[in-house]
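> One file: input-v7.pdb (PDB, C-alpha atoms, pLDDT in the B column).
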ATOM      1  CA  MET N   1     157.069  41.776 -40.107  1.00 51.00           C
ATOM      2  CA  ALA N   2     153.310  41.887 -40.274  1.00 49.00           C
ATOM      3  CA  PRO N   3     151.670  45.271 -39.781  1.00 47.00           C
ATOM      4  CA  GLN N   4     150.113  45.769 -36.379  1.00 47.00           C
ATOM      5  CA  THR N   5     146.407  46.449 -36.156  1.00 44.00           C
ATOM      6  CA  LYS N   6     144.526  47.872 -33.241  1.00 44.00           C
ATOM      7  CA  LYS N   7     141.950  45.566 -31.782  1.00 45.00           C
ATOM      8  CA  THR N   8     138.879  47.103 -30.293  1.00 46.00           C
ATOM      9  CA  GLY N   9     136.368  45.367 -28.093  1.00 47.00           C
ATOM     10  CA  PRO N  10     133.763  43.011 -29.508  1.00 54.00           C
ATOM     11  CA  LYS N  11     131.450  45.899 -30.273  1.00 59.00           C
ATOM     12  CA  GLY N  12     134.094  48.481 -31.120  1.00 57.00           C
ATOM     13  CA  LYS N  13     133.260  52.146 -31.268  1.00 58.00           C
ATOM     14  CA  GLN N  14     129.809  52.734 -32.668  1.00 60.00           C
ATOM     15  CA  ALA N  15     128.855  56.241 -33.620  1.00 69.00           C
ATOM     16  CA  LYS N  16     125.294  57.369 -33.028  1.00 78.00           C
ATOM     17  CA  ILE N  17     123.444  56.931 -36.324  1.00 83.00           C
ATOM     18  CA  THR N  18     120.425  59.114 -37.019  1.00 91.00           C
ATOM     19  CA  LYS N  19     118.581  58.858 -40.296  1.00 93.00           C
ATOM     20  CA  LYS N  20     115.498  60.804 -41.311  1.00 95.00           C
ATOM     21  CA  PHE N  21     113.081  59.587 -43.969  1.00 96.00           C
ATOM     22  CA  VAL N  22     109.966  61.290 -45.316  1.00 95.00           C
ATOM     23  CA  ILE N  23     107.192  59.547 -47.216  1.00 95.00           C
ATOM     24  CA  ASN N  24     105.141  62.156 -49.037  1.00 95.00           C
ATOM     25  CA  ALA N  25     101.599  61.066 -49.922  1.00 93.00           C
ATOM     26  CA  GLN N  26     100.009  64.511 -50.264  1.00 93.00           C
ATOM     27  CA  GLN N  27      98.579  63.976 -53.744  1.00 92.00           C
ATOM     28  CA  PRO N  28      96.673  60.713 -53.052  1.00 92.00           C
ATOM     29  CA  ALA N  29      95.748  61.848 -49.513  1.00 92.00           C
ATOM     30  CA  SER N  30      94.140  65.037 -50.850  1.00 91.00           C
ATOM     31  CA  ASP N  31      92.096  62.882 -53.278  1.00 90.00           C
ATOM     32  CA  LYS N  32      90.902  60.826 -50.271  1.00 91.00           C
ATOM     33  CA  ILE N  33      92.139  57.490 -51.621  1.00 92.00           C
ATOM     34  CA  PHE N  34      95.136  57.108 -49.260  1.00 91.00           C
ATOM     35  CA  ASP N  35      94.730  56.947 -45.481  1.00 92.00           C
ATOM     36  CA  THR N  36      97.904  58.270 -43.835  1.00 92.00           C
ATOM     37  CA  ALA N  37      96.793  57.251 -40.327  1.00 92.00           C
ATOM     38  CA  ALA N  38      96.341  53.636 -41.436  1.00 94.00           C
ATOM     39  CA  PHE N  39      99.725  53.749 -43.197  1.00 94.00           C
ATOM     40  CA  GLU N  40     101.409  55.077 -40.044  1.00 93.00           C
ATOM     41  CA  LYS N  41      99.854  52.244 -38.000  1.00 94.00           C
ATOM     42  CA  PHE N  42     100.960  49.733 -40.685  1.00 95.00           C
ATOM     43  CA  LEU N  43     104.567  50.963 -40.442  1.00 93.00           C
ATOM     44  CA  GLN N  44     104.549  50.782 -36.646  1.00 93.00           C
ATOM     45  CA  ASP N  45     103.255  47.217 -36.796  1.00 93.00           C
ATOM     46  CA  ARG N  46     105.587  45.997 -39.565  1.00 93.00           C
ATOM     47  CA  ILE N  47     109.022  47.628 -39.177  1.00 93.00           C
ATOM     48  CA  LYS N  48     111.524  45.106 -37.859  1.00 92.00           C
ATOM     49  CA  VAL N  49     114.245  46.031 -35.376  1.00 90.00           C
ATOM     50  CA  ASP N  50     116.860  43.366 -34.662  1.00 88.00           C
ATOM     51  CA  GLY N  51     114.809  40.843 -36.623  1.00 88.00           C
ATOM     52  CA  ARG N  52     111.654  41.278 -34.538  1.00 90.00           C
ATOM     53  CA  VAL N  53     108.400  43.023 -35.425  1.00 90.00           C
ATOM     54  CA  GLY N  54     106.950  45.414 -32.830  1.00 84.00           C
ATOM     55  CA  ASN N  55     110.357  46.138 -31.308  1.00 85.00           C
ATOM     56  CA  LEU N  56     110.546  49.862 -32.160  1.00 87.00           C
ATOM     57  CA  GLY N  57     111.135  51.278 -28.686  1.00 84.00           C
ATOM     58  CA  ASP N  58     112.981  54.599 -28.775  1.00 87.00           C
ATOM     59  CA  THR N  59     115.150  53.650 -31.751  1.00 91.00           C
ATOM     60  CA  ILE N  60     112.549  54.458 -34.436  1.00 92.00           C
ATOM     61  CA  VAL N  61     110.001  57.274 -34.245  1.00 93.00           C
ATOM     62  CA  ILE N  62     107.132  57.410 -36.758  1.00 93.00           C
ATOM     63  CA  GLN N  63     104.951  60.505 -36.884  1.00 93.00           C
ATOM     64  CA  GLN N  64     102.761  62.472 -39.256  1.00 92.00           C
ATOM     65  CA  ALA N  65     104.354  65.696 -40.471  1.00 89.00           C
ATOM     66  CA  GLY N  66     101.664  67.813 -42.040  1.00 86.00           C
ATOM     67  CA  GLU N  67      98.987  66.837 -44.538  1.00 87.00           C
ATOM     68  CA  GLY N  68      99.828  63.500 -46.131  1.00 89.00           C
ATOM     69  CA  LYS N  69     103.459  63.311 -44.957  1.00 94.00           C
ATOM     70  CA  ILE N  70     104.930  60.690 -42.666  1.00 95.00           C
ATOM     71  CA  GLU N  71     108.324  61.201 -41.057  1.00 95.00           C
ATOM     72  CA  ILE N  72     110.467  58.310 -39.846  1.00 95.00           C
ATOM     73  CA  ILE N  73     113.452  59.078 -37.619  1.00 95.00           C
ATOM     74  CA  ALA N  74     115.725  56.097 -37.003  1.00 93.00           C
ATOM     75  CA  HIS N  75     118.538  56.021 -34.446  1.00 92.00           C
ATOM     76  CA  ASN N  76     119.800  52.702 -35.818  1.00 90.00           C
ATOM     77  CA  GLU N  77     120.509  51.193 -39.216  1.00 89.00           C
ATOM     78  CA  LEU N  78     117.371  51.453 -41.350  1.00 90.00           C
ATOM     79  CA  SER N  79     117.406  51.477 -45.137  1.00 92.00           C
ATOM     80  CA  GLY N  80     115.230  53.534 -47.401  1.00 92.00           C
ATOM     81  CA  ARG N  81     114.721  50.513 -49.635  1.00 94.00           C
ATOM     82  CA  TYR N  82     113.067  48.733 -46.695  1.00 94.00           C
ATOM     83  CA  LEU N  83     110.635  51.638 -46.272  1.00 94.00           C
ATOM     84  CA  LYS N  84     109.923  51.596 -50.009  1.00 95.00           C
ATOM     85  CA  TYR N  85     109.266  47.844 -49.776  1.00 96.00           C
ATOM     86  CA  LEU N  86     106.835  48.329 -46.876  1.00 95.00           C
ATOM     87  CA  THR N  87     105.088  51.193 -48.693  1.00 95.00           C
ATOM     88  CA  LYS N  88     104.585  48.998 -51.761  1.00 95.00           C
ATOM     89  CA  LYS N  89     103.306  46.208 -49.513  1.00 96.00           C
ATOM     90  CA  PHE N  90     100.757  48.589 -47.969  1.00 95.00           C
ATOM     91  CA  LEU N  91      99.618  49.773 -51.419  1.00 94.00           C
ATOM     92  CA  LYS N  92      99.127  46.157 -52.485  1.00 95.00           C
ATOM     93  CA  LYS N  93      97.141  45.412 -49.321  1.00 95.00           C
ATOM     94  CA  MET N  94      94.844  48.402 -49.961  1.00 93.00           C
ATOM     95  CA  GLN N  95      94.593  47.500 -53.690  1.00 93.00           C
ATOM     96  CA  LEU N  96      96.145  50.827 -54.722  1.00 91.00           C
ATOM     97  CA  ARG N  97      99.238  49.345 -56.377  1.00 92.00           C
ATOM     98  CA  ASP N  98      97.665  49.655 -59.846  1.00 92.00           C
ATOM     99  CA  TRP N  99      97.276  53.440 -59.511  1.00 92.00           C
ATOM    100  CA  LEU N 100     100.151  54.598 -57.303  1.00 93.00           C
ATOM    101  CA  ARG N 101     103.905  54.178 -57.441  1.00 94.00           C
ATOM    102  CA  VAL N 102     106.696  54.994 -54.983  1.00 95.00           C
ATOM    103  CA  VAL N 103     109.368  57.343 -56.346  1.00 94.00           C
ATOM    104  CA  SER N 104     112.471  58.616 -54.590  1.00 95.00           C
ATOM    105  CA  THR N 105     112.608  62.373 -55.210  1.00 93.00           C
ATOM    106  CA  SER N 106     115.776  62.986 -53.180  1.00 94.00           C
ATOM    107  CA  LYS N 107     117.880  61.212 -50.573  1.00 93.00           C
ATOM    108  CA  GLY N 108     115.615  59.978 -47.807  1.00 92.00           C
ATOM    109  CA  VAL N 109     112.424  61.322 -49.433  1.00 95.00           C
ATOM    110  CA  TYR N 110     109.903  59.026 -51.104  1.00 96.00           C
ATOM    111  CA  GLU N 111     106.800  60.296 -52.865  1.00 95.00           C
ATOM    112  CA  LEU N 112     103.636  58.505 -53.903  1.00 95.00           C
ATOM    113  CA  LYS N 113     102.670  59.472 -57.441  1.00 93.00           C
ATOM    114  CA  PHE N 114      99.869  58.461 -59.749  1.00 92.00           C
ATOM    115  CA  PHE N 115     100.716  56.499 -62.875  1.00 87.00           C
ATOM    116  CA  ASN N 116     100.334  58.524 -66.066  1.00 80.00           C
ATOM    117  CA  VAL N 117      97.232  57.223 -67.828  1.00 73.00           C
ATOM    118  CA  VAL N 118      96.964  57.906 -71.554  1.00 74.00           C
ATOM    119  CA  ASN N 119      93.594  57.769 -73.276  1.00 70.00           C
ATOM    120  CA  GLU N 120      93.571  55.209 -76.075  1.00 67.00           C
ATOM    121  CA  GLU N 121      90.314  56.459 -77.617  1.00 61.00           C
ATOM    122  CA  ALA N 122      92.202  58.589 -80.158  1.00 53.00           C
ATOM    123  CA  ASP N 123      93.992  55.480 -81.465  1.00 54.00           C
ATOM    124  CA  ASP N 124      90.722  53.556 -81.951  1.00 53.00           C
ATOM    125  CA  ASP N 125      89.351  56.106 -84.458  1.00 51.00           C
ATOM    126  CA  ASP N 126      91.879  55.073 -87.147  1.00 50.00           C
ATOM    127  CA  GLU N 127      89.885  52.004 -88.246  1.00 50.00           C
TER     128      GLU N 127
END
Starting from the coordinates I provided, produce the structure as structure tokens.


Amino acid sequence: MAPQTKKTGPKGKQAKITKKFVINAQQPASDKIFDTAAFEKFLQDRIKVDGRVGNLGDTIVIQQAGEGKIEIIAHNELSGRYLKYLTKKFLKKMQLRDWLRVVSTSKGVYELKFFNVVNEEADDDDE
């Protein structure tokens, strides 16, 4: 005999999902090269919900949390990789991609850090 399985409705039971993400841009924002207000507007314009842009509604809340921090609270399925992708897209649009990188410091927290630049003048003196 085949094992019996319970069939739920077409949607089944869906638990309420709440995810919280923080994008920390304190370092570049304090140097006045990163505009957090423009980044917040960019996220609100670009995040897709159900395959459509501008469909945030009450499911996703984007707000500034302190100096240079943006907090995203999602009540649906939203991946951190998607937020990292959008952050990199914004950096490219503002021509900051050569100086800043997006690093995940802990689960749900992304930080914008400067690339480490090493002076090559010391190597040129060997000739």

> Quick one: apply the PyMOL selection byres ((chain N and resi 99) around 9) to the file and drop the selected residues here as a list in words.

Gln95, Leu96, Arg97, Asp98, Leu100, Arg101, Lys113, Phe114, Phe115 and Asn116 of chain N

> Pull C-alpha atoms from the residues just selected and write them as a PDB file, keeping the file's coordinate frame.


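As a result, out-v5.pdb now contains:
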ATOM      1  CA  GLN N  95      94.593  47.500 -53.690  1.00 93.00           C
ATOM      2  CA  LEU N  96      96.145  50.827 -54.722  1.00 91.00           C
ATOM      3  CA  ARG N  97      99.238  49.345 -56.377  1.00 92.00           C
ATOM      4  CA  ASP N  98      97.665  49.655 -59.846  1.00 92.00           C
ATOM      5  CA  LEU N 100     100.151  54.598 -57.303  1.00 93.00           C
ATOM      6  CA  ARG N 101     103.905  54.178 -57.441  1.00 94.00           C
ATOM      7  CA  LYS N 113     102.670  59.472 -57.441  1.00 93.00           C
ATOM      8  CA  PHE N 114      99.869  58.461 -59.749  1.00 92.00           C
ATOM      9  CA  PHE N 115     100.716  56.499 -62.875  1.00 87.00           C
ATOM     10  CA  ASN N 116     100.334  58.524 -66.066  1.00 80.00           C
TER      11      ASN N 116
END

> Convert the output of the PyMOL selection byres ((chain N and resi 17) around 8) on the shown file into explicit residues, formatted as a VMD selection string.

chain N and resid 15 to 16 18 to 19 74 to 77

> Evaluate the PyMOL selection byres ((chain N and resi 90) around 12) here and jot the selected residues down as a list in words.

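Given this file, the PyMOL selection byres ((chain N and resi 90) around 12) evaluates to Phe34, Asp35, Thr36, Ala38, Phe39, Glu40, Lys41, Phe42, Leu43, Asp45, Arg46, Leu83, Lys84, Tyr85, Leu86, Thr87, Lys88, Lys89, Leu91, Lys92, Lys93, Met94, Gln95, Leu96, Arg97, Leu100, Arg101, Val102 and Leu112 of chain N.
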
> Record the distance separating atom CA of N:Ser104 and atom CA of N:Val53, expressed in Å with one decimal.

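Going from atom CA of N:Ser104 over to atom CA of N:Val53 covers 25.0 Å.
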
> Just need the box for stretch 73-86 of chain N, edges along x, y and z, holding every atom the file lists for it with 6 Å tacked onto each side, so centre and edge lengths in Å to one decimal, as lines of an AutoDock Vina configuration file.


center_x = 113.7
center_y = 53.5
center_z = -42.2
size_x = 25.7
size_y = 23.2
size_z = 27.6

> Could you tell me how far atom CA of N:Ile70 lies from atom CA of N:Ile23, in Å and to one decimal?

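Going from atom CA of N:Ile70 over to atom CA of N:Ile23 covers 5.2 Å.
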
> Within 10 Å of N:Lys69, counting only C-alpha atoms, which residues show up once you throw out same-chain ones fewer than 6 positions away? Write them as number ranges by chain, please.

N: 22-26, 29, 36, 40, 63, 110-111

> Since the input lacks atoms, please generate N, CA, C and O atoms for stretch 47-67 of chain N and provide them as a compact mmCIF listing (two decimals), in the coordinates of the input.


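The resulting selection-v9.txt:
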# COMPACT_ATOMS: atom_id res chain seq x y z
N ILE N 47 107.58 47.38 -39.12
CA ILE N 47 109.02 47.63 -39.18
C ILE N 47 109.73 46.70 -38.19
O ILE N 47 109.35 46.61 -37.02
N LYS N 48 110.76 46.03 -38.69
CA LYS N 48 111.52 45.11 -37.86
C LYS N 48 112.76 45.79 -37.30
O LYS N 48 113.46 46.51 -38.01
N VAL N 49 113.02 45.57 -36.03
CA VAL N 49 114.24 46.03 -35.38
C VAL N 49 114.89 44.80 -34.75
O VAL N 49 114.26 44.09 -33.97
N ASP N 50 116.12 44.55 -35.12
CA ASP N 50 116.86 43.37 -34.66
C ASP N 50 116.12 42.07 -34.99
O ASP N 50 116.09 41.13 -34.20
N GLY N 51 115.47 42.05 -36.16
CA GLY N 51 114.81 40.84 -36.62
C GLY N 51 113.47 40.56 -35.99
O GLY N 51 112.90 39.50 -36.21
N ARG N 52 112.93 41.51 -35.21
CA ARG N 52 111.65 41.28 -34.54
C ARG N 52 110.69 42.41 -34.85
O ARG N 52 111.04 43.59 -34.79
N VAL N 53 109.45 42.05 -35.16
CA VAL N 53 108.40 43.02 -35.42
C VAL N 53 107.88 43.56 -34.09
O VAL N 53 107.84 42.84 -33.11
N GLY N 54 107.50 44.83 -34.05
CA GLY N 54 106.95 45.41 -32.83
C GLY N 54 108.00 45.71 -31.79
O GLY N 54 107.71 45.74 -30.60
N ASN N 55 109.24 45.93 -32.22
CA ASN N 55 110.36 46.14 -31.31
C ASN N 55 110.93 47.55 -31.51
O ASN N 55 112.13 47.74 -31.43
N LEU N 56 110.06 48.53 -31.81
CA LEU N 56 110.55 49.86 -32.16
C LEU N 56 111.23 50.56 -30.99
O LEU N 56 112.33 51.06 -31.12
N GLY N 57 110.56 50.61 -29.85
CA GLY N 57 111.14 51.28 -28.69
C GLY N 57 111.42 52.74 -28.98
O GLY N 57 110.64 53.44 -29.61
N ASP N 58 112.57 53.22 -28.53
CA ASP N 58 112.98 54.60 -28.78
C ASP N 58 113.88 54.72 -30.00
O ASP N 58 114.27 55.82 -30.36
N THR N 59 114.20 53.60 -30.63
CA THR N 59 115.15 53.65 -31.75
C THR N 59 114.52 54.19 -33.03
O THR N 59 115.21 54.82 -33.82
N ILE N 60 113.22 53.98 -33.23
CA ILE N 60 112.55 54.46 -34.44
C ILE N 60 111.29 55.21 -34.02
O ILE N 60 110.46 54.69 -33.27
N VAL N 61 111.16 56.44 -34.53
CA VAL N 61 110.00 57.27 -34.24
C VAL N 61 109.26 57.52 -35.56
O VAL N 61 109.86 57.98 -36.53
N ILE N 62 107.97 57.21 -35.57
CA ILE N 62 107.13 57.41 -36.76
C ILE N 62 106.05 58.41 -36.38
O ILE N 62 105.34 58.22 -35.40
N GLN N 63 105.96 59.49 -37.18
CA GLN N 63 104.95 60.50 -36.88
C GLN N 63 104.48 61.17 -38.17
O GLN N 63 105.19 61.17 -39.17
N GLN N 64 103.27 61.73 -38.11
CA GLN N 64 102.76 62.47 -39.26
C GLN N 64 103.34 63.88 -39.21
O GLN N 64 103.41 64.50 -38.16
N ALA N 65 103.77 64.36 -40.38
CA ALA N 65 104.35 65.70 -40.47
C ALA N 65 103.57 66.48 -41.51
O ALA N 65 103.95 66.53 -42.67
N GLY N 66 102.46 67.05 -41.10
CA GLY N 66 101.66 67.81 -42.04
C GLY N 66 100.68 66.94 -42.79
O GLY N 66 100.52 65.75 -42.50
N GLU N 67 100.02 67.53 -43.76
CA GLU N 67 98.99 66.84 -44.54
C GLU N 67 99.60 65.82 -45.48
O GLU N 67 100.30 66.18 -46.43
